[in-house]
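Asker: Sending over a structure as structure tokens; questions will come in a sec.
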Amino acid sequence: METLKLYNGVEIPSNGFGVYQVSRSDCKKSVLTALKAGYRHIDTAQAYFNEEEVGEAIKESGIDRKEIFLTTKVWIDNYGEGKTYDSVIESMSKLKTDYLDLILLHQPVGDYYAAYRDLEKLYAEKKVRAIGVSNFYPDRLVDICSFVNVKPMVNQIEVNVFNQQIEAKKWADKYNVVLEAWAPFAEGRNNMFSNETLLEIAKKHDRSVAQVILRWLYQRGIVSLAKSVREERIKENFDIYSFSLDDEDLANIAKLDTKTSSFFSHQDPNIIEWFGDLILQRRKNN
């Protein structure tokens with residue numbers, strides 16, 4: 001398992017397994033399959049409503065907890081000094097663990113400074129090995145890095161071949177923050193898996209388009225968080241270390257960058273309203 005080193009010395013596996021939009025009924029089986037395939041980095045969140053299933057899978061796998069890098073994220077409605085702390089302890093209980101390898105603030109809205117102070121407290125108490133943020137644009141990342149006691153070690157953002165986040169990577173590197181890529185396949189939007197450039201590169205290396213994308217992220221020093229509920233895809237997505245992309249491949253992929261999200265902008269006020277409505281609806285259904 002290849003790893004990247006956070007600025008505090010903690011090593012994070014470069015190829016992670018995400019469980020966003022994985023139903024409770026599929027989650028446990030998928031995580032067990034991922035762990036069997038070799039994954040040792042599992043990423044969940046309070047807002048995914050499947051922390052318990054992730055915890056059950058890790059426990060049932062029989063793999064030593066110390067070998068697994070486990071991440072969860074604090075949702076907006078749990079932001080607030082004391083409230084964030086308690087929510088993380090609750091997440092740890094659901095995940096059946098007495099520590100987390102990484103805890104992130106899920107969105108850059110609401111009282112995230114108060115929430116971050118709780119992450120610093122959890123870090124000081126060694127209940128978490130690393131802390132960070134998610135979906136923080138470069139200005140918000142620089143802001144929080146400049147005015148906290150413990151800088152974020154990770155920023156989890158959308159990164160894919162159509163939204164390559166060159167500027168975000170530049171600023172993250174300046175502050176020694178490791179980027180993680182959510183939705184590295186953009187959920188297949190914009191015909192990503194039938195893109196001619198990616199298909200040609202995949203054919204050249206006798207790999208799949210998905211493997212090319214994950215290898216591209218790895219060579220950029222970005223942690224990938226791929227998701228699947230299909231065993232063959234899970235195994236395939238883990239197998240990215242036996243080939244390399246050359247300079248020509250990287251140059252051709254660079255041309256695909258539109259610098260535009262495949263989903264939404266966190267700077268759109270309509271999206272901020274949507275976050276609030278979304279969580280209320282999901283809580284009714286879970």
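Chain identifiers are assigned as A, B, and so on, following the order in which chains appear in the structure tokens; residues are numbered from 1 within each chain, and ligands are numbered from 1 in order of appearance.
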Write down as a VMD selection string the residues belonging to stretch 33-262 of chain A that are assigned alpha helix (DSSP H) by DSSP computed on the backbone.

Answerer: chain A and resid 33 to 37 51 to 61 83 to 94 112 to 124 138 to 146 166 to 174 196 to 205 209 to 219 231 to 238 247 to 254

Asker: If we count only C-alpha atoms and set the cut-off at 8 Å, which residues sit around stretch 128-140 of chain A, ignoring sequence neighbours fewer than 5 positions away in its own chain? Please answer as a VMD selection string.

Answerer: chain A and resid 8 10 99 to 108 119 to 120 122 to 123 151 to 158 167 to 168 171 to 172 266

Asker: Env of A:Glu11: 12 Å cut, atoms = only C-alpha atoms, seq-sep filter 5 positions within chain, self excluded. Answer as a ChimeraX atom specification.

Answerer: /A:1-6,40-41,66-70,101-102,129-130,153-154,178,223

Asker: Within 12 Å of stretch 18-26 of chain A, which residues of stretch 56-151 of chain A show up? Give each one with its shortest atom-to-atom distance in Å (one decimal) and the two atoms involved, counting only C-alpha atoms, rows by chain then rising residue number, as a tab-separated table.

Answerer:
```
residue	atom	partner	partner_atom	distance
A:Glu56	CA	A:Arg24	CA	11.1
A:Ala57	CA	A:Asp26	CA	10.9
A:Phe69	CA	A:Gly18	CA	12.0
A:Leu70	CA	A:Gly18	CA	10.5
A:Thr71	CA	A:Gly18	CA	9.5
A:Thr72	CA	A:Gly18	CA	10.2
A:Lys73	CA	A:Tyr20	CA	11.3
```

Asker: Could you write out that same residue set with all heavy atoms as a PDB file, in the first residue's frame?

Answerer:
```pdb
ATOM      1  N   GLU A  56     -19.107  -1.985  11.521  1.00  0.00           N
ATOM      2  CA  GLU A  56     -19.365  -3.429  11.560  1.00  0.00           C
ATOM      3  C   GLU A  56     -18.449  -4.174  10.590  1.00  0.00           C
ATOM      4  O   GLU A  56     -17.931  -5.249  10.918  1.00  0.00           O
ATOM      5  CB  GLU A  56     -20.831  -3.704  11.211  1.00  0.00           C
ATOM      6  CG  GLU A  56     -21.815  -3.271  12.293  1.00  0.00           C
ATOM      7  CD  GLU A  56     -23.256  -3.339  11.815  1.00  0.00           C
ATOM      8  OE1 GLU A  56     -23.485  -3.797  10.666  1.00  0.00           O
ATOM      9  OE2 GLU A  56     -24.160  -2.947  12.589  1.00  0.00           O
ATOM     10  N   ALA A  57     -18.254  -3.604   9.412  1.00  0.00           N
ATOM     11  CA  ALA A  57     -17.400  -4.251   8.414  1.00  0.00           C
ATOM     12  C   ALA A  57     -15.961  -4.333   8.888  1.00  0.00           C
ATOM     13  O   ALA A  57     -15.302  -5.375   8.744  1.00  0.00           O
ATOM     14  CB  ALA A  57     -17.480  -3.489   7.093  1.00  0.00           C
ATOM     15  N   PHE A  69      -6.842   3.001   7.962  1.00  0.00           N
ATOM     16  CA  PHE A  69      -6.923   4.447   8.093  1.00  0.00           C
ATOM     17  C   PHE A  69      -8.390   4.825   7.922  1.00  0.00           C
ATOM     18  O   PHE A  69      -8.955   4.721   6.837  1.00  0.00           O
ATOM     19  CB  PHE A  69      -6.058   5.135   7.032  1.00  0.00           C
ATOM     20  CG  PHE A  69      -5.853   6.609   7.271  1.00  0.00           C
ATOM     21  CD1 PHE A  69      -4.712   7.070   7.899  1.00  0.00           C
ATOM     22  CD2 PHE A  69      -6.810   7.535   6.863  1.00  0.00           C
ATOM     23  CE1 PHE A  69      -4.509   8.426   8.120  1.00  0.00           C
ATOM     24  CE2 PHE A  69      -6.625   8.887   7.075  1.00  0.00           C
ATOM     25  CZ  PHE A  69      -5.476   9.338   7.720  1.00  0.00           C
ATOM     26  N   LEU A  70      -9.004   5.275   9.003  1.00  0.00           N
ATOM     27  CA  LEU A  70     -10.446   5.517   9.041  1.00  0.00           C
ATOM     28  C   LEU A  70     -10.757   7.007   9.167  1.00  0.00           C
ATOM     29  O   LEU A  70     -10.266   7.685  10.066  1.00  0.00           O
ATOM     30  CB  LEU A  70     -11.062   4.758  10.213  1.00  0.00           C
ATOM     31  CG  LEU A  70     -12.570   4.874  10.427  1.00  0.00           C
ATOM     32  CD1 LEU A  70     -13.338   4.407   9.192  1.00  0.00           C
ATOM     33  CD2 LEU A  70     -12.984   4.069  11.654  1.00  0.00           C
ATOM     34  N   THR A  71     -11.581   7.489   8.245  1.00  0.00           N
ATOM     35  CA  THR A  71     -11.966   8.907   8.211  1.00  0.00           C
ATOM     36  C   THR A  71     -13.471   9.057   8.318  1.00  0.00           C
ATOM     37  O   THR A  71     -14.222   8.297   7.706  1.00  0.00           O
ATOM     38  CB  THR A  71     -11.538   9.553   6.879  1.00  0.00           C
ATOM     39  OG1 THR A  71     -10.130   9.430   6.708  1.00  0.00           O
ATOM     40  CG2 THR A  71     -11.928  11.034   6.841  1.00  0.00           C
ATOM     41  N   THR A  72     -13.913  10.057   9.079  1.00  0.00           N
ATOM     42  CA  THR A  72     -15.300  10.493   8.987  1.00  0.00           C
ATOM     43  C   THR A  72     -15.317  12.014   8.988  1.00  0.00           C
ATOM     44  O   THR A  72     -14.287  12.660   9.198  1.00  0.00           O
ATOM     45  CB  THR A  72     -16.188   9.906  10.094  1.00  0.00           C
ATOM     46  OG1 THR A  72     -17.572  10.113   9.732  1.00  0.00           O
ATOM     47  CG2 THR A  72     -15.930  10.537  11.453  1.00  0.00           C
ATOM     48  N   LYS A  73     -16.495  12.568   8.712  1.00  0.00           N
ATOM     49  CA  LYS A  73     -16.621  14.018   8.558  1.00  0.00           C
ATOM     50  C   LYS A  73     -17.795  14.544   9.375  1.00  0.00           C
ATOM     51  O   LYS A  73     -18.827  13.876   9.473  1.00  0.00           O
ATOM     52  CB  LYS A  73     -16.798  14.361   7.065  1.00  0.00           C
ATOM     53  CG  LYS A  73     -15.603  13.946   6.214  1.00  0.00           C
ATOM     54  CD  LYS A  73     -15.791  14.262   4.753  1.00  0.00           C
ATOM     55  CE  LYS A  73     -16.601  13.219   4.027  1.00  0.00           C
ATOM     56  NZ  LYS A  73     -15.911  11.906   3.906  1.00  0.00           N
TER      57      LYS A  73
END
```

Asker: Within 9 Å of A:Ser244, counting only C-alpha atoms, which residues qualify if same-chain residues fewer than 5 places away don't, as an MDAnalysis selection string?

Answerer: chainID A and resid 205 212 215:216 219

Asker: Output N, CA and C atoms of each residue in that selection to a file, as a PDB file, in the first residue's frame.

Answerer:
```pdb
ATOM      1  N   HIS A 205      -1.998   1.483 -22.108  1.00  0.00           N
ATOM      2  CA  HIS A 205      -1.450   0.810 -20.926  1.00  0.00           C
ATOM      3  C   HIS A 205      -2.192  -0.481 -20.578  1.00  0.00           C
ATOM      4  N   VAL A 212      -6.745   4.647 -15.058  1.00  0.00           N
ATOM      5  CA  VAL A 212      -5.956   5.776 -15.551  1.00  0.00           C
ATOM      6  C   VAL A 212      -6.209   7.013 -14.690  1.00  0.00           C
ATOM      7  N   ARG A 215      -4.635   6.562 -11.244  1.00  0.00           N
ATOM      8  CA  ARG A 215      -3.176   6.650 -11.344  1.00  0.00           C
ATOM      9  C   ARG A 215      -2.745   8.099 -11.540  1.00  0.00           C
ATOM     10  N   TRP A 216      -3.491   8.846 -12.340  1.00  0.00           N
ATOM     11  CA  TRP A 216      -3.222  10.275 -12.568  1.00  0.00           C
ATOM     12  C   TRP A 216      -3.250  11.034 -11.246  1.00  0.00           C
ATOM     13  N   GLN A 219      -0.135  10.119  -9.154  1.00  0.00           N
ATOM     14  CA  GLN A 219       1.101  10.754  -9.618  1.00  0.00           C
ATOM     15  C   GLN A 219       1.127  12.246  -9.343  1.00  0.00           C
TER      16      GLN A 219
END
```

Asker: Of the candidates A:Ala210, A:Ile201, A:Leu278, A:Val31, which shows the shortest atom-to-atom distance to A:Glu248, using only C-alpha atoms?

Answerer: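 Of all the options, A:Ile201 lies closest to A:Glu248.
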
Asker: Excluding stretch 78-93 of chain A and residues on its chain fewer than 2 positions from it, collect all residues at most 8 Å away from it, counting only C-alpha atoms, and give them as an mmCIF file with C-alpha atoms, in the first residue's frame.

Answerer:
```
data_model
loop_
_atom_site.group_PDB
_atom_site.id
_atom_site.type_symbol
_atom_site.label_atom_id
_atom_site.label_comp_id
_atom_site.auth_asym_id
_atom_site.auth_seq_id
_atom_site.Cartn_x
_atom_site.Cartn_y
_atom_site.Cartn_z
ATOM 1 C CA GLN A 46 -21.964 11.639 9.474
ATOM 2 C CA GLU A 51 -21.005 4.900 9.912
ATOM 3 C CA THR A 72 -15.300 10.493 8.987
ATOM 4 C CA VAL A 74 -18.666 16.368 10.758
ATOM 5 C CA TRP A 75 -21.862 17.656 9.172
ATOM 6 C CA ILE A 76 -22.935 21.307 9.368
ATOM 7 C CA LEU A 95 -17.707 3.160 14.020
ATOM 8 C CA LYS A 96 -16.794 0.921 16.958
ATOM 9 C CA THR A 97 -13.416 2.543 17.494
ATOM 10 C CA ASP A 98 -11.745 4.503 20.270
ATOM 11 C CA TYR A 99 -9.846 6.768 17.859
ATOM 12 C CA LEU A 100 -10.072 8.150 14.329
ATOM 13 C CA GLY A 110 -21.864 27.736 9.374
ATOM 14 C CA ASP A 111 -19.792 28.133 12.520
ATOM 15 C CA TYR A 112 -16.843 26.183 11.209
ATOM 16 C CA ALA A 114 -16.006 26.841 16.544
ATOM 17 C CA ALA A 115 -16.237 23.350 15.085
ATOM 18 C CA ARG A 117 -11.582 24.312 17.727
ATOM 19 C CA ASP A 118 -13.245 21.074 18.814
ATOM 20 C CA LEU A 119 -11.179 19.159 16.251
ATOM 21 C CA LEU A 122 -9.767 16.044 19.951
#
```

Asker: Could you tell me how far atom CA of A:Lys29 lies from atom CA of A:Lys59, in Å and to one decimal?

Answerer: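 Atom-to-atom, atom CA of A:Lys29 to atom CA of A:Lys59, that is 12.4 Å.
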
Asker: Quick one, how far is atom CA of A:Asn160 from atom CA of A:Phe263?

Answerer: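 So the answer is 11.4 Å.
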
Asker: Which polymer residues have any atom within 8 Å of an atom of A:Ile253, counting only C-alpha atoms, with same-chain residues fewer than 5 positions away left out, as a PyMOL selection string?

Answerer: chain A and resi 161+197-198

Asker: What does the file look like for those residues with N, CA and C atoms, as a PDB file, in the first residue's frame?

Answerer:
```pdb
ATOM      1  N   VAL A 161     -10.646  14.764 -13.907  1.00  0.00           N
ATOM      2  CA  VAL A 161      -9.927  15.248 -15.092  1.00  0.00           C
ATOM      3  C   VAL A 161     -10.562  16.488 -15.702  1.00  0.00           C
ATOM      4  N   THR A 197      -9.699  10.736 -25.255  1.00  0.00           N
ATOM      5  CA  THR A 197      -8.333  10.866 -24.727  1.00  0.00           C
ATOM      6  C   THR A 197      -8.069   9.809 -23.670  1.00  0.00           C
ATOM      7  N   LEU A 198      -9.008   9.654 -22.733  1.00  0.00           N
ATOM      8  CA  LEU A 198      -8.831   8.674 -21.660  1.00  0.00           C
ATOM      9  C   LEU A 198      -8.867   7.247 -22.192  1.00  0.00           C
TER      10      LEU A 198
END
```

Asker: Grab the atom CA of A:Ser262 to atom CA of A:Thr33 distance for me, in Å with one decimal place.

Answerer: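 Answer for the atom CA of A:Ser262 to atom CA of A:Thr33 separation: 28.2 Å.
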
Asker: Would you mind listing what lies within 7 Å of A:Ile222 as a list in words, with only C-alpha atoms counted and same-chain residues fewer than 6 positions away left out?

Answerer: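 The filter keeps Val178, Leu179, Glu180 and Ala181 of chain A.
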
Asker: What does the file look like for those residues with N, CA and C atoms, as a PDB file, in the first residue's frame?

Answerer:
```pdb
ATOM      1  N   VAL A 178      -2.467  18.081   2.409  1.00  0.00           N
ATOM      2  CA  VAL A 178      -2.665  17.034   1.406  1.00  0.00           C
ATOM      3  C   VAL A 178      -4.092  17.113   0.877  1.00  0.00           C
ATOM      4  N   LEU A 179      -4.231  17.068  -0.446  1.00  0.00           N
ATOM      5  CA  LEU A 179      -5.552  17.058  -1.057  1.00  0.00           C
ATOM      6  C   LEU A 179      -6.063  15.628  -1.206  1.00  0.00           C
ATOM      7  N   GLU A 180      -7.356  15.466  -0.947  1.00  0.00           N
ATOM      8  CA  GLU A 180      -8.051  14.220  -1.236  1.00  0.00           C
ATOM      9  C   GLU A 180      -9.106  14.519  -2.302  1.00  0.00           C
ATOM     10  N   ALA A 181      -9.300  13.588  -3.226  1.00  0.00           N
ATOM     11  CA  ALA A 181     -10.251  13.784  -4.324  1.00  0.00           C
ATOM     12  C   ALA A 181     -11.524  12.995  -4.078  1.00  0.00           C
TER      13      ALA A 181
END
```

Asker: Mind the document's chain letters and residue numbers, and return as a list in words the residues of stretch 74-236 of chain A that DSSP labels strand (DSSP E or B).

Answerer: Val74, Leu100, Leu102, Ile103, Leu104, Leu105, Val128, Ile131, Gly132, Val133, Ser134, Val154, Asn155, Gln156, Ile157, Glu158, Asn160, Asn163, Val178, Leu179, Glu180, Ala181, Trp182, Val223, Ser224, Leu225 and Ala226 of chain A
